Structure formats: C-alpha cells, structure tokens
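Source file: input.pdb. Holds: PDB, C-alpha atoms.
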```pdb
MODEL        1
ATOM      1  CA  MET A   1     -27.895   0.856   6.660
ATOM      2  CA  LYS A   2     -28.712   3.743   8.979
ATOM      3  CA  THR A   3     -26.469   6.789   8.866
ATOM      4  CA  ARG A   4     -26.074   6.681  12.650
ATOM      5  CA  GLU A   5     -24.136   3.420  12.195
ATOM      6  CA  LEU A   6     -21.349   5.527  10.663
ATOM      7  CA  GLU A   7     -20.791   7.567  13.810
ATOM      8  CA  TYR A   8     -17.834   7.351  16.180
ATOM      9  CA  ASP A   9     -16.199   9.632  18.749
ATOM     10  CA  LEU A  10     -12.805  11.117  17.878
ATOM     11  CA  PRO A  11     -10.708  13.242  20.249
ATOM     12  CA  ALA A  12     -10.133  16.591  18.568
ATOM     13  CA  GLU A  13      -6.384  16.403  19.118
ATOM     14  CA  LEU A  14      -6.180  13.412  16.739
ATOM     15  CA  ILE A  15      -7.327  15.512  13.763
ATOM     16  CA  ALA A  16      -4.062  16.143  11.916
ATOM     17  CA  GLN A  17      -3.551  19.852  11.223
ATOM     18  CA  HIS A  18      -0.270  19.470   9.336
ATOM     19  CA  PRO A  19       1.373  16.783   7.203
ATOM     20  CA  VAL A  20       4.356  14.948   8.657
ATOM     21  CA  ALA A  21       7.786  16.273   7.702
ATOM     22  CA  ARG A  22       8.388  13.512   5.146
ATOM     23  CA  ARG A  23       5.396  11.994   3.374
ATOM     24  CA  ASP A  24       6.262   8.335   3.965
ATOM     25  CA  GLU A  25       7.024   8.864   7.670
ATOM     26  CA  SER A  26       3.298   8.609   8.412
ATOM     27  CA  ARG A  27       2.063   5.522  10.238
ATOM     28  CA  LEU A  28       0.395   2.593   8.502
ATOM     29  CA  LEU A  29      -2.120   0.313  10.197
ATOM     30  CA  VAL A  30      -2.203  -2.996   8.291
ATOM     31  CA  TYR A  31      -5.183  -5.335   8.615
ATOM     32  CA  ASP A  32      -5.255  -8.780   6.996
ATOM     33  CA  ARG A  33      -8.910  -9.666   6.389
ATOM     34  CA  VAL A  34      -8.176 -13.418   6.239
ATOM     35  CA  SER A  35      -6.023 -13.834   9.345
ATOM     36  CA  GLU A  36      -7.617 -10.832  11.099
ATOM     37  CA  ARG A  37      -4.148  -9.794  12.235
ATOM     38  CA  VAL A  38      -3.129  -6.172  12.703
ATOM     39  CA  HIS A  39       0.357  -4.738  12.239
ATOM     40  CA  HIS A  40       1.608  -1.231  12.963
ATOM     41  CA  LEU A  41       4.168  -0.034  10.397
ATOM     42  CA  ARG A  42       5.558   3.095   8.808
ATOM     43  CA  PHE A  43       4.243   3.975   5.373
ATOM     44  CA  ALA A  44       7.723   3.551   3.871
ATOM     45  CA  GLU A  45       7.342  -0.184   4.597
ATOM     46  CA  LEU A  46       4.329  -0.512   2.256
ATOM     47  CA  PRO A  47       6.236  -2.367  -0.529
ATOM     48  CA  ASP A  48       7.318  -5.014   1.972
ATOM     49  CA  VAL A  49       3.734  -6.178   2.563
ATOM     50  CA  LEU A  50       2.171  -5.761  -0.893
ATOM     51  CA  GLY A  51       3.546  -8.781  -2.702
ATOM     52  CA  ASP A  52       2.623  -8.890  -6.403
ATOM     53  CA  ALA A  53      -0.182  -6.320  -6.273
ATOM     54  CA  LEU A  54      -0.532  -3.647  -8.939
ATOM     55  CA  THR A  55      -0.805  -0.278  -7.172
ATOM     56  CA  VAL A  56      -3.492   1.868  -8.811
ATOM     57  CA  VAL A  57      -3.465   5.593  -8.007
ATOM     58  CA  ASN A  58      -5.700   8.550  -8.843
ATOM     59  CA  ASP A  59      -3.533  11.179 -10.580
ATOM     60  CA  THR A  60      -5.993  14.066 -10.351
ATOM     61  CA  ARG A  61      -4.569  17.448  -9.355
ATOM     62  CA  VAL A  62      -6.281  19.866  -6.970
ATOM     63  CA  VAL A  63      -7.018  23.288  -8.459
ATOM     64  CA  PRO A  64      -6.761  26.507  -6.343
ATOM     65  CA  ALA A  65     -10.528  26.402  -6.147
ATOM     66  CA  ARG A  66     -11.427  28.407  -3.027
ATOM     67  CA  ILE A  67     -12.156  31.967  -4.203
ATOM     68  CA  PRO A  68     -13.027  34.577  -1.537
ATOM     69  CA  ILE A  69     -15.677  37.222  -2.229
ATOM     70  CA  GLU A  70     -15.986  40.472  -0.288
ATOM     71  CA  ARG A  71     -19.527  41.817  -0.620
ATOM     72  CA  PRO A  72     -21.222  39.938   0.890
ATOM     73  CA  ARG A  73     -18.266  38.332   2.637
ATOM     74  CA  GLY A  74     -18.078  34.675   1.649
ATOM     75  CA  GLU A  75     -16.505  32.406  -0.917
ATOM     76  CA  VAL A  76     -16.998  30.288  -4.007
ATOM     77  CA  LEU A  77     -15.595  26.758  -4.027
ATOM     78  CA  LEU A  78     -15.184  25.510  -7.588
ATOM     79  CA  LEU A  79     -16.284  21.869  -7.796
ATOM     80  CA  GLU A  80     -16.056  20.878 -11.448
ATOM     81  CA  ARG A  81     -15.062  22.443 -14.773
ATOM     82  CA  LEU A  82     -17.972  22.098 -17.218
ATOM     83  CA  ASP A  83     -16.352  23.327 -20.457
ATOM     84  CA  GLY A  84     -13.410  25.260 -21.858
ATOM     85  CA  ASP A  85     -15.161  28.649 -21.780
ATOM     86  CA  GLY A  86     -14.897  29.270 -18.071
ATOM     87  CA  LEU A  87     -18.043  27.459 -16.923
ATOM     88  CA  TRP A  88     -17.841  25.654 -13.585
ATOM     89  CA  GLU A  89     -20.142  24.181 -11.009
ATOM     90  CA  GLY A  90     -19.373  25.549  -7.568
ATOM     91  CA  LEU A  91     -20.580  25.990  -4.024
ATOM     92  CA  ALA A  92     -21.175  29.614  -3.048
ATOM     93  CA  ARG A  93     -21.929  31.159   0.318
ATOM     94  CA  PRO A  94     -23.832  32.958   1.693
ATOM     95  CA  THR A  95     -26.196  31.576  -0.959
ATOM     96  CA  ARG A  96     -29.294  33.432   0.288
ATOM     97  CA  ARG A  97     -27.596  36.801  -0.174
ATOM     98  CA  LEU A  98     -26.214  36.069  -3.633
ATOM     99  CA  ARG A  99     -27.986  36.853  -6.883
ATOM    100  CA  PRO A 100     -27.726  35.201 -10.318
ATOM    101  CA  GLY A 101     -26.286  37.435 -13.014
ATOM    102  CA  GLN A 102     -24.059  39.303 -10.552
ATOM    103  CA  GLN A 103     -20.264  39.519 -10.619
ATOM    104  CA  TYR A 104     -18.505  38.796  -7.330
ATOM    105  CA  GLY A 105     -14.830  39.491  -7.754
ATOM    106  CA  PRO A 106     -13.540  37.162 -10.495
ATOM    107  CA  VAL A 107     -16.681  35.007 -10.374
ATOM    108  CA  GLU A 108     -19.967  35.562 -12.221
ATOM    109  CA  LEU A 109     -22.889  33.639 -10.743
ATOM    110  CA  LEU A 110     -25.163  32.442 -13.541
ATOM    111  CA  GLU A 111     -27.750  30.132 -11.983
ATOM    112  CA  HIS A 112     -28.543  28.644  -8.583
ATOM    113  CA  LEU A 113     -28.717  24.842  -8.929
ATOM    114  CA  GLY A 114     -29.962  24.114  -5.412
ATOM    115  CA  GLU A 115     -28.265  22.997  -2.179
ATOM    116  CA  GLY A 116     -25.843  25.917  -2.408
ATOM    117  CA  ARG A 117     -24.574  24.783  -5.825
ATOM    118  CA  TRP A 118     -24.216  27.377  -8.593
ATOM    119  CA  LEU A 119     -23.377  27.518 -12.270
ATOM    120  CA  VAL A 120     -20.547  30.069 -12.425
ATOM    121  CA  ARG A 121     -18.164  31.591 -14.940
ATOM    122  CA  ILE A 122     -14.587  32.713 -14.401
ATOM    123  CA  ASP A 123     -12.105  34.144 -16.886
ATOM    124  CA  GLY A 124      -9.066  31.951 -17.463
ATOM    125  CA  GLU A 125      -7.724  29.544 -14.886
ATOM    126  CA  PRO A 126      -8.761  29.815 -11.231
ATOM    127  CA  HIS A 127      -6.324  31.606  -8.938
ATOM    128  CA  GLY A 128      -7.887  31.044  -5.565
ATOM    129  CA  ASN A 129      -6.638  29.370  -2.410
ATOM    130  CA  THR A 130      -5.960  25.708  -1.715
ATOM    131  CA  PRO A 131      -9.351  24.190  -0.788
ATOM    132  CA  LEU A 132      -8.399  22.645   2.546
ATOM    133  CA  PRO A 133     -11.199  20.882   4.449
ATOM    134  CA  PRO A 134     -12.880  22.916   7.206
ATOM    135  CA  TYR A 135     -11.485  20.708   9.988
ATOM    136  CA  ILE A 136      -7.969  21.908   9.076
ATOM    137  CA  THR A 137      -7.881  25.257  10.828
ATOM    138  CA  GLU A 138      -4.158  26.020  10.671
ATOM    139  CA  PRO A 139      -2.429  27.462   7.573
ATOM    140  CA  LEU A 140      -0.563  25.201   5.161
ATOM    141  CA  GLU A 141       2.938  26.488   4.482
ATOM    142  CA  ASP A 142       3.447  24.568   1.234
ATOM    143  CA  PRO A 143       0.330  24.079  -0.952
ATOM    144  CA  GLU A 144       2.094  21.209  -2.759
ATOM    145  CA  ARG A 145       1.689  19.098   0.384
ATOM    146  CA  TYR A 146      -2.027  18.954  -0.470
ATOM    147  CA  GLN A 147      -1.089  17.392  -3.819
ATOM    148  CA  THR A 148       0.145  13.874  -4.478
ATOM    149  CA  VAL A 149       3.621  13.660  -5.994
ATOM    150  CA  TYR A 150       2.049  12.073  -9.090
ATOM    151  CA  ALA A 151      -0.742  14.658  -9.510
ATOM    152  CA  ALA A 152      -1.084  15.482 -13.213
ATOM    153  CA  GLU A 153      -4.645  16.106 -14.409
ATOM    154  CA  ALA A 154      -6.028  19.328 -12.903
ATOM    155  CA  GLY A 155      -9.660  19.261 -11.907
ATOM    156  CA  SER A 156     -10.257  18.350  -8.255
ATOM    157  CA  ALA A 157     -11.782  20.340  -5.418
ATOM    158  CA  ALA A 158     -10.115  18.060  -2.847
ATOM    159  CA  ALA A 159      -7.074  15.814  -2.780
ATOM    160  CA  PRO A 160      -7.262  12.006  -3.004
ATOM    161  CA  THR A 161      -5.632  11.948   0.395
ATOM    162  CA  ALA A 162      -4.553   8.294   0.572
ATOM    163  CA  GLY A 163      -1.985   9.191  -2.068
ATOM    164  CA  LEU A 164      -0.396  12.006  -0.049
ATOM    165  CA  HIS A 165       1.906   9.502   1.708
ATOM    166  CA  PHE A 166       3.828   8.459  -1.407
ATOM    167  CA  THR A 167       7.276   9.756  -2.314
ATOM    168  CA  GLU A 168       9.038   9.399  -5.646
ATOM    169  CA  ASP A 169      11.451   6.909  -4.096
ATOM    170  CA  LEU A 170       8.617   4.796  -2.744
ATOM    171  CA  LEU A 171       6.803   4.765  -6.081
ATOM    172  CA  ARG A 172       9.920   3.372  -7.772
ATOM    173  CA  ARG A 173       9.652   0.303  -5.516
ATOM    174  CA  LEU A 174       6.105  -0.438  -6.696
ATOM    175  CA  ASP A 175       4.334  -1.471  -9.868
ATOM    176  CA  VAL A 176       2.064   1.542 -10.427
ATOM    177  CA  GLU A 177      -0.809   2.318 -12.791
ATOM    178  CA  ARG A 178      -2.882   5.500 -13.007
ATOM    179  CA  VAL A 179      -6.543   6.386 -13.300
ATOM    180  CA  THR A 180      -8.160   9.822 -13.024
ATOM    181  CA  LEU A 181     -11.214  10.826 -11.020
ATOM    182  CA  HIS A 182     -11.761  14.502 -10.320
ATOM    183  CA  VAL A 183     -12.855  14.792  -6.714
ATOM    184  CA  GLY A 184     -15.999  16.856  -6.382
ATOM    185  CA  LEU A 185     -19.037  17.260  -4.199
ATOM    186  CA  ASP A 186     -19.879  13.555  -3.936
ATOM    187  CA  THR A 187     -16.651  12.602  -2.222
ATOM    188  CA  PHE A 188     -16.820  15.064   0.666
ATOM    189  CA  ARG A 189     -20.516  15.971   0.959
ATOM    190  CA  PRO A 190     -21.778  14.867   4.396
ATOM    191  CA  LEU A 191     -24.727  12.536   4.710
ATOM    192  CA  ALA A 192     -27.911  14.435   5.536
ATOM    193  CA  VAL A 193     -30.353  11.506   5.496
ATOM    194  CA  ASP A 194     -31.238   8.908   8.126
ATOM    195  CA  ASP A 195     -31.021   5.966   5.727
ATOM    196  CA  LEU A 196     -27.978   5.495   3.485
ATOM    197  CA  ALA A 197     -30.197   4.297   0.640
ATOM    198  CA  GLU A 198     -31.781   7.759   0.442
ATOM    199  CA  HIS A 199     -28.475   9.550  -0.240
ATOM    200  CA  GLN A 200     -28.189  10.779  -3.824
ATOM    201  CA  ILE A 201     -24.931  10.731  -5.768
ATOM    202  CA  HIS A 202     -24.532  13.504  -8.354
ATOM    203  CA  GLY A 203     -21.565  11.862 -10.079
ATOM    204  CA  GLU A 204     -17.901  12.705 -10.674
ATOM    205  CA  SER A 205     -15.930  12.615 -13.926
ATOM    206  CA  PHE A 206     -13.263   9.981 -14.569
ATOM    207  CA  SER A 207     -11.028   8.724 -17.352
ATOM    208  CA  VAL A 208      -8.693   5.756 -17.832
ATOM    209  CA  THR A 209      -6.477   4.855 -20.774
ATOM    210  CA  ALA A 210      -7.033   1.571 -22.563
ATOM    211  CA  ARG A 211      -3.501   0.491 -21.647
ATOM    212  CA  ALA A 212      -4.070   1.224 -17.957
ATOM    213  CA  TRP A 213      -7.349  -0.688 -17.840
ATOM    214  CA  HIS A 214      -5.789  -3.662 -19.637
ATOM    215  CA  ARG A 215      -3.069  -3.807 -16.972
ATOM    216  CA  ILE A 216      -5.617  -3.490 -14.157
ATOM    217  CA  GLU A 217      -7.774  -6.256 -15.623
ATOM    218  CA  ALA A 218      -4.778  -8.577 -16.046
ATOM    219  CA  ALA A 219      -3.091  -7.905 -12.690
ATOM    220  CA  PRO A 220      -2.897 -10.835 -10.241
ATOM    221  CA  ARG A 221      -3.988  -8.483  -7.441
ATOM    222  CA  VAL A 222      -5.028  -4.820  -7.403
ATOM    223  CA  LEU A 223      -4.329  -2.362  -4.596
ATOM    224  CA  ALA A 224      -6.614   0.647  -4.925
ATOM    225  CA  VAL A 225      -5.062   3.764  -3.418
ATOM    226  CA  GLY A 226      -8.002   5.634  -1.951
ATOM    227  CA  THR A 227     -11.756   5.462  -2.195
ATOM    228  CA  THR A 228     -11.817   7.482  -5.424
ATOM    229  CA  THR A 229      -9.643   4.870  -7.144
ATOM    230  CA  VAL A 230     -11.966   2.133  -5.894
ATOM    231  CA  ARG A 231     -14.947   3.878  -7.464
ATOM    232  CA  VAL A 232     -13.198   4.117 -10.840
ATOM    233  CA  VAL A 233     -11.957   0.524 -10.836
ATOM    234  CA  GLU A 234     -15.299  -0.912  -9.727
ATOM    235  CA  THR A 235     -17.209   1.272 -12.220
ATOM    236  CA  LEU A 236     -15.098  -0.084 -15.084
ATOM    237  CA  ALA A 237     -15.339  -3.632 -13.750
ATOM    238  CA  ARG A 238     -19.086  -3.346 -14.331
ATOM    239  CA  GLY A 239     -18.638  -2.619 -18.035
ATOM    240  CA  ALA A 240     -18.579   1.193 -18.086
ATOM    241  CA  PRO A 241     -16.706   3.038 -20.872
ATOM    242  CA  LEU A 242     -13.176   4.262 -20.196
ATOM    243  CA  SER A 243     -14.309   7.834 -19.551
ATOM    244  CA  GLY A 244     -17.447   9.497 -18.328
ATOM    245  CA  ARG A 245     -19.117  10.014 -14.961
ATOM    246  CA  THR A 246     -19.596   7.616 -12.100
ATOM    247  CA  ASP A 247     -22.373   7.740  -9.539
ATOM    248  CA  LEU A 248     -21.342   4.430  -7.996
ATOM    249  CA  PHE A 249     -22.276   4.471  -4.303
ATOM    250  CA  ILE A 250     -20.490   1.707  -2.401
ATOM    251  CA  THR A 251     -22.089   0.602   0.860
ATOM    252  CA  PRO A 252     -21.972  -2.604   2.945
ATOM    253  CA  GLY A 253     -23.156  -5.562   0.887
ATOM    254  CA  PHE A 254     -21.365  -4.359  -2.263
ATOM    255  CA  GLU A 255     -19.566  -6.998  -4.360
ATOM    256  CA  PHE A 256     -16.016  -5.926  -5.210
ATOM    257  CA  LYS A 257     -15.004  -7.281  -8.610
ATOM    258  CA  ARG A 258     -11.477  -5.906  -9.115
ATOM    259  CA  THR A 259     -10.308  -4.365  -5.826
ATOM    260  CA  ASP A 260      -8.235  -6.864  -3.835
ATOM    261  CA  ALA A 261      -6.672  -4.487  -1.316
ATOM    262  CA  LEU A 262      -7.447  -0.948  -0.206
ATOM    263  CA  LEU A 263      -5.149   1.793   1.042
ATOM    264  CA  THR A 264      -7.066   4.599   2.712
ATOM    265  CA  ASN A 265      -6.872   7.314   5.340
ATOM    266  CA  PHE A 266      -9.146   7.469   8.378
ATOM    267  CA  HIS A 267     -12.414   9.144   7.401
ATOM    268  CA  LEU A 268     -14.987  11.405   8.978
ATOM    269  CA  PRO A 269     -17.997   9.890  10.722
ATOM    270  CA  ARG A 270     -21.288   9.933   8.790
ATOM    271  CA  SER A 271     -19.425   9.975   5.464
ATOM    272  CA  THR A 272     -19.826   7.957   2.272
ATOM    273  CA  LEU A 273     -16.095   7.231   2.456
ATOM    274  CA  LEU A 274     -16.452   5.442   5.768
ATOM    275  CA  ALA A 275     -19.380   3.464   4.317
ATOM    276  CA  LEU A 276     -17.096   2.311   1.477
ATOM    277  CA  VAL A 277     -14.407   1.167   3.929
ATOM    278  CA  MET A 278     -17.039  -0.751   5.897
ATOM    279  CA  ALA A 279     -18.194  -2.378   2.656
ATOM    280  CA  PHE A 280     -14.655  -3.603   2.012
ATOM    281  CA  ALA A 281     -13.482  -4.588   5.503
ATOM    282  CA  GLY A 282     -16.780  -5.319   7.240
ATOM    283  CA  VAL A 283     -18.868  -3.061   9.455
ATOM    284  CA  GLU A 284     -17.823  -4.409  12.856
ATOM    285  CA  GLU A 285     -14.249  -4.954  11.693
ATOM    286  CA  THR A 286     -13.993  -1.302  10.628
ATOM    287  CA  ARG A 287     -15.411  -0.099  13.931
ATOM    288  CA  SER A 288     -12.866  -2.227  15.775
ATOM    289  CA  LEU A 289      -9.998  -0.893  13.632
ATOM    290  CA  TYR A 290     -11.069   2.708  14.216
ATOM    291  CA  ARG A 291     -11.246   2.116  17.983
ATOM    292  CA  LEU A 292      -7.763   0.606  17.851
ATOM    293  CA  ALA A 293      -6.437   3.526  15.786
ATOM    294  CA  ILE A 294      -7.789   5.964  18.372
ATOM    295  CA  GLU A 295      -6.275   3.963  21.242
ATOM    296  CA  GLU A 296      -2.928   3.894  19.418
ATOM    297  CA  ARG A 297      -3.124   7.648  18.762
ATOM    298  CA  TYR A 298      -3.104   7.498  14.985
ATOM    299  CA  ARG A 299      -3.611  10.839  13.233
ATOM    300  CA  PHE A 300      -6.930  11.195  11.393
ATOM    301  CA  TYR A 301      -8.323  12.705   8.182
ATOM    302  CA  SER A 302      -6.571  14.387   5.232
ATOM    303  CA  PHE A 303      -3.111  14.934   6.739
ATOM    304  CA  GLY A 304      -3.362  11.905   9.012
ATOM    305  CA  ASP A 305      -2.057   8.358   8.889
ATOM    306  CA  ALA A 306      -3.117   5.502   6.609
ATOM    307  CA  MET A 307      -4.697   2.069   6.822
ATOM    308  CA  LEU A 308      -3.968  -0.856   4.507
ATOM    309  CA  LEU A 309      -6.707  -3.484   4.177
ATOM    310  CA  LEU A 310      -5.400  -6.732   2.644
TER     311      LEU A 310
ENDMDL
END
```
Entire entry expressed as structure tokens:
Amino acid sequence: MKTRELEYDLPAELIAQHPVARRDESRLLVYDRVSERVHHLRFAELPDVLGDALTVVNDTRVVPARIPIERPRGEVLLLERLDGDGLWEGLARPTRRLRPGQQYGPVELLEHLGEGRWLVRIDGEPHGNTPLPPYITEPLEDPERYQTVYAAEAGSAAAPTAGLHFTEDLLRRLDVERVTLHVGLDTFRPLAVDDLAEHQIHGESFSVTARAWHRIEAAPRVLAVGTTTVRVVETLARGAPLSGRTDLFITPGFEFKRTDALLTNFHLPRSTLLALVMAFAGVEETRSLYRLAIEERYRFYSFGDAMLLL
C-alpha cells in the first residue's frame, strides 16, 4: 500500500481544540460492516448497539512528559521509561544543538539514538506539561480531560483517545476488561516513506493479566476500544506472552483473530492508525466513512468524535 493512499483533505475547523463538556456527549458514527448501514448517535448510546460484546480498554495513564528546556530553547518529550533509575527514551529538540552528557534543566541527555530520539535521565518522577498533540493549539484547562476515567498504569506519552469518551456511569452499563499498552513513538510517529511496507515499528510495551486474557479469549464478541487495544489483543491472539513489547504493524490485508468490533476516533492522514482502521473496515469503506464524517461536520482527532465499526 502506498502512503499517499492514506491522504484526505480535512477542513481545519473540524480539528477539535477542546473536549466536549461531558465526555459521552460526543457524537458516534456507527457503521455495520455486514449491512453497510450507517447510524449517527451520541456516545452515551453505545451500550444500546453493542449487544453481548466484551469491551476491552487500554488503561494506560499519560505522564506529564513534555519538559521545556531554556538554553537552547526547546523541549524533551519523554516516550518510554526504561528502568527504575530515571532512564527514559525521549524526543529532544533542537537535536542538532544539543550535546550528550549535558544537563538541560531537569533532564540529562546521555546518548543520541537517531531520528531525534535520546537516552535521557531525570531524577524522580517527571513533572512536565501534558503532552498534547501539536494540532491542538489552545490550552487545556483540565489536564485530566486528556486521561481516560479508567487510566491507572502510568507510562504513556499520548492518550489512547478512543477511551476519552467514557464516563463512570457508561462503564457500569458495559462488560469491561482491561489491557495495558504504553503509547509511545510508534503510535503517533508520521509515515515518512512512500510504501507502507518500508515503515519500521520500534515497538511499545504492553501487559495483560492472565484473568483478563482468559476473559478476552472466551468472550462471544470483543470490542477493542482504540487502535492500541487492537494491537495488544491481536498480538496475544498470535501466541505472544502476556507482557513484553509489540511491533505489530496492522495494514490492509491483515487477518483479525480476536477483534470483532472497533471503537476509534478519526485519525490523521498518512498515519499508521488510519492504516489499521482501513485494515478493519476496508480501504474504500473507510474513505467513504471519512468523507461522510466531514460532510456531517464530525469533530476530528484526539478531542473529536468517535466511530464504531461493527
């Protein structure tokens, strides 16, 4: 698949800059892959269309990972904790003006790993800013709105945004199970190659309890909340251990073994996330749904609306 096949035009005003007042007030575009019917609902109506599906969520928690540096002016974005002694992998800019072995505010840069990635050390827990995506240009009043209500395991550099729509009340109406994947560079790194097959996945860490995986295996149907949950479920469905790293890259032609339905936000063009959605719903079907969402003025990206693929 060529990367250009993942492009589409989005009016800038449809990029959501703020979350809706109440999480489950967001809109929900529902697409039935068998009947090819589309319904326009509110997210609070999700339990009414799920039937007997087990809802699997990613309970990772976003860390305050964006740490500004003053000289030279820039920042370090912590991507992944490597051990308990303050070692992290991070993105640092401006990379060409930074030097290994130097201390920049609370961050010590140890080694340049390439592509702007660095091995860094910080003392204690990070106390930076919420790592909002660059397309969100307005301030976020409440940092907890960039966390899911079930976030528990700290370690992500970005939120699993399909889960931002859930409220505690809504969760009580569903049969829910948890997995953990810490969102890092692979999830949000843009595609810089012409052919999707040339894109390299560095891998992200995940863990699942034996009880949770037993329930997922035995469920009559599984709804994966977000692309990160899909990657965990499909990694385990291929015989992987219950914890480790996954470099599973899902593109059109992929065989889904345990994901029966997908709940996801609307993703950026030329992204691996959009490729995953196309793998699940079909390439032309996804293009048609995105055109419809734009016509219907759905809100896009992290704080935007959601799509349910049945």
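Across the structure, CA of Pro64 (chain A) and CA of Ala44 (chain A) are spaced 29.0 Å apart.
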Query raised in the report: Could you write out as a count of residues only the residues that the PyMOL selection byres ((chain A and resi 143-150) around 8) matches in the shown file?
Result: 20
Query raised in the report: For the atom pair CA of Arg96 (chain A) and CA of Pro68 (chain A), what is the interatomic distance in Å to one decimal place?
Result: 16.4 Å
Report task. Would you be able to write out as a PyMOL selection string which residues have an atom within 8 Å of (-9.0, 24.4, -10.5) in the file's coordinates, counting all atoms listed in the file? Result -> chain A and resi 62-65+78+80-81+125-127+154-157
Query raised in the report: Mind telling me what the PyMOL selection byres ((chain A and resi 233) around 10) catches here, as number ranges by chain?
Result: A: 56, 179, 208, 213, 216-217, 222, 224, 227-232, 234-238, 240, 256-259
**Report entry** 10 Å contact set for Gly304 (chain A), only C-alpha atoms, chain neighbours under 4 positions out, as a count of residues only
**Finding:** 19
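Every residue that the PyMOL selection byres ((chain A and resi 95) around 9) selects in this file is listed here: Leu91, Ala92, Arg93, Pro94, Arg96, Arg97, Leu98, Arg99, His112, Glu115, Gly116, Arg117 and Trp118 of chain A.
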Query - Pairwise distance for CA of Glu284 (chain A) and CA of Phe254 (chain A), rounded to one decimal in Å - result: 15.5 Å
